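What follows is a short report on a single structure.
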Amino acid sequence: MPADTDSIMRITARDLFMILLLFKKNKETTLENIRLRLCVDRKKKRRGTYLWSTAKDIGGELRKLGLIDGGPFPRDRRQYPEMSGNILMITKEGREFIEFFETDRGHAYDSLLKKMYEVHLYLRYFVRALKGVHILAPVLTSVKDHISMHYRSAAILAEDVANGKLETDDLIDIVSQRIGRNITPEEKNLILQEIDMLLVNTSQSAAVEERSEFGKKFLLKLNEIIIPEVLRSVGLGFDYRTHRTLWLLGQEFFVWWATTSHPAFDGTLVFSTADIHLSADEESIDRIEFNTGLQKTEEVFLSKLFNAYETLQKIKGISYVPAWELRSVFCYENRCQPSIFNRLFGKNYTGSDELKIHLEIQRTKPLNEEPLVAGKRKIGTVRVTRIA
């Protein structure tokens, strides 16, 4: 992994286009106008400096992409009042993107992804690493399940950390099991070195902070250690925050999906839902192809649904399977977005002459995903059977 760095703000393509459209009638605007537009969109009060950092991030990204010019931008809230009136101007390329958006929105989104790929180094690393394979990030979300069974509560974890200790042998073993390979000696040494520093830096807060809140913060800090180290071998050794930003970004562009619901993978599973064809030097995107769109998937939806159901049934060993896990298995097997599955399941949940679909109402919520809705009801479990 090269020692290069990149900064990808947690912003959305939708916000970038929304702010770009401020320039549709006027060639210039201000950072304060961007902030006010965001407040209107979020239905928030416009007084003060609310959403100033989001406005700064969007303006900075548009400038980095060459779609606007101007600035500078404030570094903190205190600088915002004196810089809020700085003029921002649309560029020629920015005007072209506005035209793309108004005439062919799909082309506009593809063009924006291509532009972001050229500008952001970590996005290039991610796209290259994802070609033809999936990525599994063993995100830590439970002190008991993902660090050690010794930590039956956050209080036990906090007590150990306050004394400068952590069950690192258990942690390494659990991470190895989750990713399906042994942690290398080099990876282990780097992880343990960083954990030693983490224990030094958090021992005092472990002694005084509320236990459950400390546990959440500590897991987040451990993810900043574990995720870059175990993914460094595939060229993705950058910070955990950037990984999360890229997972959301890819789903917005419909080119990959990050799910935690596939029962065969213990972590965040990221897989492609489009073919991204790169230039010979891999420094730009030539074209993006979507081979599993709504129309193509609809033609074979029920047969593919039954295949996914059988896969999930073998894994779980039960007849009624969780609806969101069925969606995850289906999308992974067919490389499609969850929105495709949601729409087609909503149209076909009554089954066919060959297949009968049995539904039970949702009683427990999926942890990190939207529920599956059919017939205006939230579905909890699904059974699919062949009609004799």
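Residues in the structure tokens are numbered from 1 in each chain, the chains being A, B, ... in the order shown, and ligands are numbered from 1 in the order shown.
Across stretch 57-171 of chain A, DSSP run on the backbone finds strand (DSSP E or B) at Ile68, Asp69, Gly70, Ile87, Leu88, Met89, Ile90, Ile135, Leu136 and Ala137 of chain A.
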Output file for the selection above: C-alpha atoms, as a PDB file, in the first residue's frame:
```
ATOM      1  CA  ILE A  68     -16.823  25.137  -9.215  1.00  0.00           C
ATOM      2  CA  ASP A  69     -14.085  27.597  -8.372  1.00  0.00           C
ATOM      3  CA  GLY A  70     -13.548  30.031  -5.502  1.00  0.00           C
ATOM      4  CA  ILE A  87     -17.853  33.848  -3.847  1.00  0.00           C
ATOM      5  CA  LEU A  88     -18.056  30.452  -5.547  1.00  0.00           C
ATOM      6  CA  MET A  89     -18.315  30.305  -9.351  1.00  0.00           C
ATOM      7  CA  ILE A  90     -19.453  27.590 -11.718  1.00  0.00           C
ATOM      8  CA  ILE A 135     -14.482  -7.730   0.262  1.00  0.00           C
ATOM      9  CA  LEU A 136     -15.190  -8.802   3.845  1.00  0.00           C
ATOM     10  CA  ALA A 137     -14.551  -6.311   6.642  1.00  0.00           C
TER      11      ALA A 137
END
```
**Asked** Skipping near chain neighbours, those fewer than 4 positions away, what residues fall within 6 Å of A:Ser284 using only C-alpha atoms, listed as a list in words?
**Response** Glu118, Leu278 and Ser279 of chain A
Find the residues of stretch 105-132 of chain A that sit at most 8 Å from stretch 231-245 of chain A; for each, write down the nearest two atoms and how far apart they are in Å, to one decimal. Count only C-alpha atoms. Sort by chain, then by number going up, and give it as a Markdown table.
```
| residue | atom | partner | partner_atom | distance |
| --- | --- | --- | --- | --- |
| A:Tyr122 | CA | A:Phe238 | CA | 7.6 |
| A:Tyr125 | CA | A:Gly235 | CA | 6.4 |
| A:Phe126 | CA | A:Leu236 | CA | 6.7 |
| A:Ala129 | CA | A:Val234 | CA | 6.2 |
```
**Message:** Using DSSP secondary structure from the backbone, list all helix (DSSP H, G or I) positions within stretch 49-245 of chain A, as number ranges by chain.
**Reply:** A: 52-64, 77-83, 92-103, 105-119, 121-130, 143-146, 154-162, 168-179, 185-208, 211-234, 240-245
**Prompt:** At what distance in Å, to one decimal, does atom CA of A:Leu140 lie from atom CA of A:Leu326?
**Reply:**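 Answer for the atom CA of A:Leu326 to atom CA of A:Leu140 separation: 23.1 Å.
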**Item:** Who sits within 12 Å of A:Leu121, only C-alpha atoms, same chain under 2 positions skipped, as a PyMOL selection string
**Value:** chain A and resi 1-8+115-119+123-128+235-236+238+242+246+282-284
Using N, CA and C atoms, can you write the selected residues to a file as a tab-separated table (two decimals), in the first residue's frame?
```
chain	number	residue	atom	x	y	z
A	1	MET	N	0.85	-1.19	0.00
A	1	MET	CA	0.00	0.00	0.00
A	1	MET	C	0.88	1.24	0.00
A	2	PRO	N	0.78	2.09	-1.00
A	2	PRO	CA	1.59	3.31	-1.02
A	2	PRO	C	1.27	4.20	0.17
A	3	ALA	N	2.18	5.11	0.49
A	3	ALA	CA	2.00	5.98	1.64
A	3	ALA	C	1.16	7.20	1.29
A	4	ASP	N	0.47	7.18	0.13
A	4	ASP	CA	-0.37	8.29	-0.26
A	4	ASP	C	-1.57	8.41	0.67
A	5	THR	N	-2.14	9.60	0.73
A	5	THR	CA	-3.34	9.82	1.54
A	5	THR	C	-4.41	10.46	0.69
A	6	ASP	N	-5.62	10.35	1.15
A	6	ASP	CA	-6.77	10.92	0.45
A	6	ASP	C	-7.81	11.27	1.50
A	7	SER	N	-8.67	12.21	1.19
A	7	SER	CA	-9.73	12.59	2.11
A	7	SER	C	-11.05	12.61	1.35
A	8	ILE	N	-11.91	11.65	1.68
A	8	ILE	CA	-13.22	11.56	1.06
A	8	ILE	C	-14.26	11.96	2.10
A	115	LYS	N	-15.59	11.02	-12.50
A	115	LYS	CA	-14.81	12.18	-12.07
A	115	LYS	C	-14.25	11.95	-10.67
A	116	MET	N	-15.05	11.41	-9.78
A	116	MET	CA	-14.59	11.16	-8.41
A	116	MET	C	-13.49	10.09	-8.41
A	117	TYR	N	-13.61	9.12	-9.29
A	117	TYR	CA	-12.58	8.08	-9.40
A	117	TYR	C	-11.23	8.69	-9.77
A	118	GLU	N	-11.22	9.64	-10.68
A	118	GLU	CA	-9.98	10.27	-11.11
A	118	GLU	C	-9.37	11.14	-10.02
A	119	VAL	N	-10.23	11.72	-9.19
A	119	VAL	CA	-9.77	12.67	-8.17
A	119	VAL	C	-9.36	11.98	-6.87
A	123	LEU	N	-10.66	5.83	-3.63
A	123	LEU	CA	-11.75	5.28	-4.44
A	123	LEU	C	-11.17	4.40	-5.55
A	124	ARG	N	-10.06	4.82	-6.14
A	124	ARG	CA	-9.41	4.00	-7.18
A	124	ARG	C	-8.93	2.68	-6.58
A	125	TYR	N	-8.33	2.72	-5.40
A	125	TYR	CA	-7.89	1.49	-4.73
A	125	TYR	C	-9.07	0.55	-4.51
A	126	PHE	N	-10.19	1.12	-4.07
A	126	PHE	CA	-11.35	0.30	-3.71
A	126	PHE	C	-11.95	-0.36	-4.94
A	127	VAL	N	-12.12	0.39	-6.01
A	127	VAL	CA	-12.70	-0.17	-7.24
A	127	VAL	C	-11.81	-1.29	-7.79
A	128	ARG	N	-10.51	-1.07	-7.78
A	128	ARG	CA	-9.58	-2.09	-8.29
A	128	ARG	C	-9.63	-3.35	-7.43
A	235	GLY	N	-4.75	-3.99	-0.64
A	235	GLY	CA	-4.55	-2.61	-1.05
A	235	GLY	C	-5.50	-1.63	-0.43
A	236	LEU	N	-6.16	-2.00	0.69
A	236	LEU	CA	-7.16	-1.13	1.30
A	236	LEU	C	-6.80	-0.82	2.75
A	238	PHE	N	-6.44	1.86	4.32
A	238	PHE	CA	-6.76	3.21	4.80
A	238	PHE	C	-7.77	3.15	5.94
A	242	THR	N	-13.12	6.05	6.14
A	242	THR	CA	-13.17	6.12	4.69
A	242	THR	C	-13.84	4.87	4.12
A	246	LEU	N	-17.04	4.95	1.64
A	246	LEU	CA	-17.04	4.31	0.32
A	246	LEU	C	-18.17	3.29	0.19
A	282	GLU	N	-5.58	1.95	-15.56
A	282	GLU	CA	-6.48	1.91	-14.41
A	282	GLU	C	-6.60	3.25	-13.70
A	283	GLU	N	-6.30	4.33	-14.38
A	283	GLU	CA	-6.39	5.65	-13.78
A	283	GLU	C	-7.71	6.35	-14.08
A	284	SER	N	-8.54	5.74	-14.91
A	284	SER	CA	-9.85	6.32	-15.21
A	284	SER	C	-10.84	5.20	-15.53
```
**Request:** With a distance cut-off of 12 Å and only C-alpha atoms, select the neighbouring residues of A:Pro366, excluding the residue or stretch itself and same-chain residues fewer than 5 positions from it, and output the selection as a count of residues only.
**Result:** 17
**Asked** atom CA of A:Ile227 and atom CA of A:Ser176, how far apart in Å?
**Response** 12.2 Å
**Message:** Could you tell me how far atom CA of A:Leu344 sits from atom CA of A:Asp104, in Å to one decimal place?
**Reply:**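 We find that atom CA of A:Asp104 and atom CA of A:Leu344 lie 24.3 Å from each other.
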